[in-house]
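Input: a single structure, listed below in structure tokens.
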Amino acid sequence: MSKLNANSVELGSLTTTQRNALSSVATGTIIFNTTTNAVEAYDGTAWFTVKSSFTASGGSESTNSRPGFKVHTFTTPGTFTVSTGSASVEYLVVGAGAGAGEGGGGAGGYLTGSTPVVPGNYPVQVGGGGGAIASNAGTYATPATPSYFGPIVATGGGGGGGWPHPGGPGGSGGGGGENNTGGGSGTSGQGNPGGPGSNPGNYCGGGGGAGSSGNSSGNTIGGSGLSSSINGTSTTRAGGGGGWPHGGGPGAGGPGGGGPAGQGNGSANTGGGGGGYGNSPTPGGSGGSGIVIVAYPTG
């Protein structure tokens with residue numbers, strides 16, 4: 001199926017439909033598939049890709065931050081567009097962190113892995129951080145919004161509980177308000193529960209993080225996040241917000257962008273939860289926005 005000239009070997013060009021219509025294909029046959037823009041070979045049983053021309057665009061693009069890879073970073077909504085070829089791409093999708101009440105806000109859901117992509121448009125949503133409430137203004141703070149890359153959806157964090165209510169459910173759960181209230185539940189595979197509130201002591205729970213649950217009973221630290229080097233730099237994200245200690249301590253935000261107790265906001269584009277605050281009518285801290293990162297080899 002090839003044709004020689006003085007300078008090159010020309011492969012036969014076929015669409016996928018034309019290729020599949022071939023009969024009695026010899027083992028070792030090589031073609032250029034114009035549907036997938038890839039060089040393919042037949043191994044006697046099936047066709048496999050030898051070389052694929054893969055091009056994609058979207059977000060903030062870099063080929064320098066991680067040697068040998070192209071990295072697409074989305075800090076606002078957009079579209080990841082595959083123009084030619086197919087590939088398996090790595091992804092990190094972090095939902096937005098939730099706001100706090102007395103209890104710390106839960107971190108956004110955290111998803112990482114790889115997925116195949118083909119030519120087409122993949123919508124990207126970057127979740128916005130959840131708002132906070134005053135300590136006695138409601139059951140729990142507003143849940144945060146999710147982030148997604150195509151069908152891969154990371155749930156927003158659960159709101160921190162106000163007095164005397166439990167934390168809300170989410171990617172990671174919100175911390176409970178004082179008076180023996182429970183922490184909100186986390187989403188399986190994405191995060192962890194918030195810490196419960198307690199009495200005596202009137203401690204409020206820290207928000208859950210991607211790496212661990214929120215704390216309580218005198219140690220109201222938010223749950224820790226998880227680290228990823230998908231963009232070439234190890235970065236921890238999705239930490240829970242600290243719960244209000246009511247005279248105890250320490251109420252620190254969880255590593256990974258969690259806000260400290262006392263109105264500390266979750267860090268932007270980390271999915272960190274907001275820090276709790278127990279002196280009404282002042283609200284706690286707001287949650288941090290999420291992030292989506294896609295990466296693949298350039299070779």
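Every chain in the structure tokens takes a letter, A first, then B, and so on in the order presented; its residues are numbered from 1, and the ligands are numbered from 1 following the presented order.
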
So that I can see what lies close to Ala144 in chain A, please list as a PyMOL selection string the residues with an atom at most 6 Å from it, counting only C-alpha atoms and leaving out residues fewer than 2 positions away in the same chain.
chain A and resi 96-98+129-130+156-157

Determine which residues of range 85-298 of chain A DSSP labels as strand (DSSP E) from the backbone of this structure, then write them out as JSON, numbers by chain.
{"A": [87, 88, 89, 90, 91, 92, 93, 94, 110, 111, 112, 113, 114, 115, 116, 117, 120, 121, 122, 123, 124, 125, 147, 148, 149, 152, 153, 154, 226, 227, 228, 235, 236, 237, 291, 292, 293, 294, 295, 296, 297]}

Now that the selection is made, can you save its residues with C-alpha atoms as a PDB file, in the first residue's frame?
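The result, written out as out07.pdb:
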ATOM      1  CA  ALA A  87      -4.649  10.698  23.524  1.00  0.00           C
ATOM      2  CA  SER A  88      -4.873   9.793  27.185  1.00  0.00           C
ATOM      3  CA  VAL A  89      -4.610  12.998  29.217  1.00  0.00           C
ATOM      4  CA  GLU A  90      -3.976  13.538  32.915  1.00  0.00           C
ATOM      5  CA  TYR A  91      -6.411  15.709  34.829  1.00  0.00           C
ATOM      6  CA  LEU A  92      -6.844  17.396  38.189  1.00  0.00           C
ATOM      7  CA  VAL A  93     -10.335  18.698  38.973  1.00  0.00           C
ATOM      8  CA  VAL A  94     -10.959  20.466  42.309  1.00  0.00           C
ATOM      9  CA  TYR A 110     -10.634  16.441  44.607  1.00  0.00           C
ATOM     10  CA  LEU A 111     -10.342  14.190  41.554  1.00  0.00           C
ATOM     11  CA  THR A 112      -7.192  13.195  39.673  1.00  0.00           C
ATOM     12  CA  GLY A 113      -6.443  10.513  37.098  1.00  0.00           C
ATOM     13  CA  SER A 114      -6.302  10.027  33.334  1.00  0.00           C
ATOM     14  CA  THR A 115      -8.945   9.784  30.630  1.00  0.00           C
ATOM     15  CA  PRO A 116      -8.993   9.262  26.844  1.00  0.00           C
ATOM     16  CA  VAL A 117      -9.963  12.211  24.643  1.00  0.00           C
ATOM     17  CA  GLY A 120     -14.175  17.642  20.053  1.00  0.00           C
ATOM     18  CA  ASN A 121     -14.994  20.180  22.746  1.00  0.00           C
ATOM     19  CA  TYR A 122     -14.839  19.381  26.461  1.00  0.00           C
ATOM     20  CA  PRO A 123     -16.533  22.050  28.610  1.00  0.00           C
ATOM     21  CA  VAL A 124     -14.654  23.166  31.720  1.00  0.00           C
ATOM     22  CA  GLN A 125     -16.328  24.695  34.763  1.00  0.00           C
ATOM     23  CA  SER A 147     -15.874  22.072  38.979  1.00  0.00           C
ATOM     24  CA  TYR A 148     -15.864  19.781  35.963  1.00  0.00           C
ATOM     25  CA  PHE A 149     -13.826  18.683  32.942  1.00  0.00           C
ATOM     26  CA  ILE A 152     -15.587  14.438  35.367  1.00  0.00           C
ATOM     27  CA  VAL A 153     -17.275  16.392  38.178  1.00  0.00           C
ATOM     28  CA  ALA A 154     -15.708  17.407  41.509  1.00  0.00           C
ATOM     29  CA  LEU A 226      -3.657  16.508  48.823  1.00  0.00           C
ATOM     30  CA  SER A 227      -0.653  17.387  46.687  1.00  0.00           C
ATOM     31  CA  SER A 228      -0.234  17.056  42.911  1.00  0.00           C
ATOM     32  CA  THR A 235       1.089  21.923  45.183  1.00  0.00           C
ATOM     33  CA  THR A 236      -1.332  21.014  47.975  1.00  0.00           C
ATOM     34  CA  ARG A 237      -4.993  21.877  47.426  1.00  0.00           C
ATOM     35  CA  ILE A 291      -9.293  24.698  39.517  1.00  0.00           C
ATOM     36  CA  VAL A 292      -8.996  22.354  36.512  1.00  0.00           C
ATOM     37  CA  ILE A 293      -5.628  21.256  35.061  1.00  0.00           C
ATOM     38  CA  VAL A 294      -5.086  18.968  32.041  1.00  0.00           C
ATOM     39  CA  ALA A 295      -1.666  17.674  30.943  1.00  0.00           C
ATOM     40  CA  TYR A 296      -0.234  15.267  28.347  1.00  0.00           C
ATOM     41  CA  PRO A 297       3.165  14.385  26.845  1.00  0.00           C
TER      42      PRO A 297
END

Figure out the distance between CA of His72 in chain A and CA of Asn231 in chain A, please, to one decimal in Å.
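Value for the CA of Asn231 in chain A-CA of His72 in chain A distance: 8.4 Å.
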
Nearest to Asn269 in chain A: which of A:Gly44, A:Asn192, A:Gly257, A:Gly104 is it, counting only C-alpha atoms?
A:Gly257

Which of A:Gly285, A:Pro77, A:Gly175, A:Gly127 sits closest to Thr139 in chain A [using only C-alpha atoms]:
A:Gly175

Option closest in space to Ser289 in chain A, from A:Thr75, A:Asn215, A:Thr45, A:Gln263 [counting only C-alpha atoms]:
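Once distances to Ser289 in chain A are computed over only C-alpha atoms, the minimum belongs to A:Thr75.
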
Closest contacts (range 136-241 of chain A/range 249-255 of chain A, max 7 Å, only C-alpha atoms) as a tab-separated table:
residue	atom	partner	partner_atom	distance
A:Gly218	CA	A:Gly249	CA	6.0
A:Asn219	CA	A:Gly249	CA	5.9
A:Thr220	CA	A:Gly251	CA	4.6
A:Ile221	CA	A:Ala252	CA	4.7
A:Gly222	CA	A:Gly254	CA	4.2
A:Gly223	CA	A:Gly254	CA	4.9
A:Ser224	CA	A:Gly254	CA	4.5
A:Gly225	CA	A:Pro255	CA	5.7
A:Thr236	CA	A:Pro255	CA	6.9
A:Gly239	CA	A:Gly254	CA	4.6
A:Gly240	CA	A:Gly254	CA	5.0
A:Gly241	CA	A:Gly253	CA	4.6

Output file for the selection above: C-alpha atoms, as a PDB file, in the first residue's frame:
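The new file selection-v8.pdb reads:
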ATOM      1  CA  GLY A 218      -9.883  21.430  71.327  1.00  0.00           C
ATOM      2  CA  ASN A 219      -8.056  20.896  68.023  1.00  0.00           C
ATOM      3  CA  THR A 220     -10.268  22.577  65.464  1.00  0.00           C
ATOM      4  CA  ILE A 221      -7.840  22.457  62.529  1.00  0.00           C
ATOM      5  CA  GLY A 222      -9.325  21.899  59.086  1.00  0.00           C
ATOM      6  CA  GLY A 223      -8.574  18.626  57.322  1.00  0.00           C
ATOM      7  CA  SER A 224      -5.473  18.503  55.167  1.00  0.00           C
ATOM      8  CA  GLY A 225      -5.524  18.620  51.376  1.00  0.00           C
ATOM      9  CA  THR A 236      -1.332  21.014  47.975  1.00  0.00           C
ATOM     10  CA  GLY A 239      -7.722  21.870  52.643  1.00  0.00           C
ATOM     11  CA  GLY A 240     -10.625  22.367  55.059  1.00  0.00           C
ATOM     12  CA  GLY A 241     -11.339  25.597  56.925  1.00  0.00           C
TER      13      GLY A 241
END

Top pick for closest residue to Ala268 in chain A, considering A:Thr76, A:Ser229, A:Ser53, A:Asn37 and counting only C-alpha atoms
A:Thr76
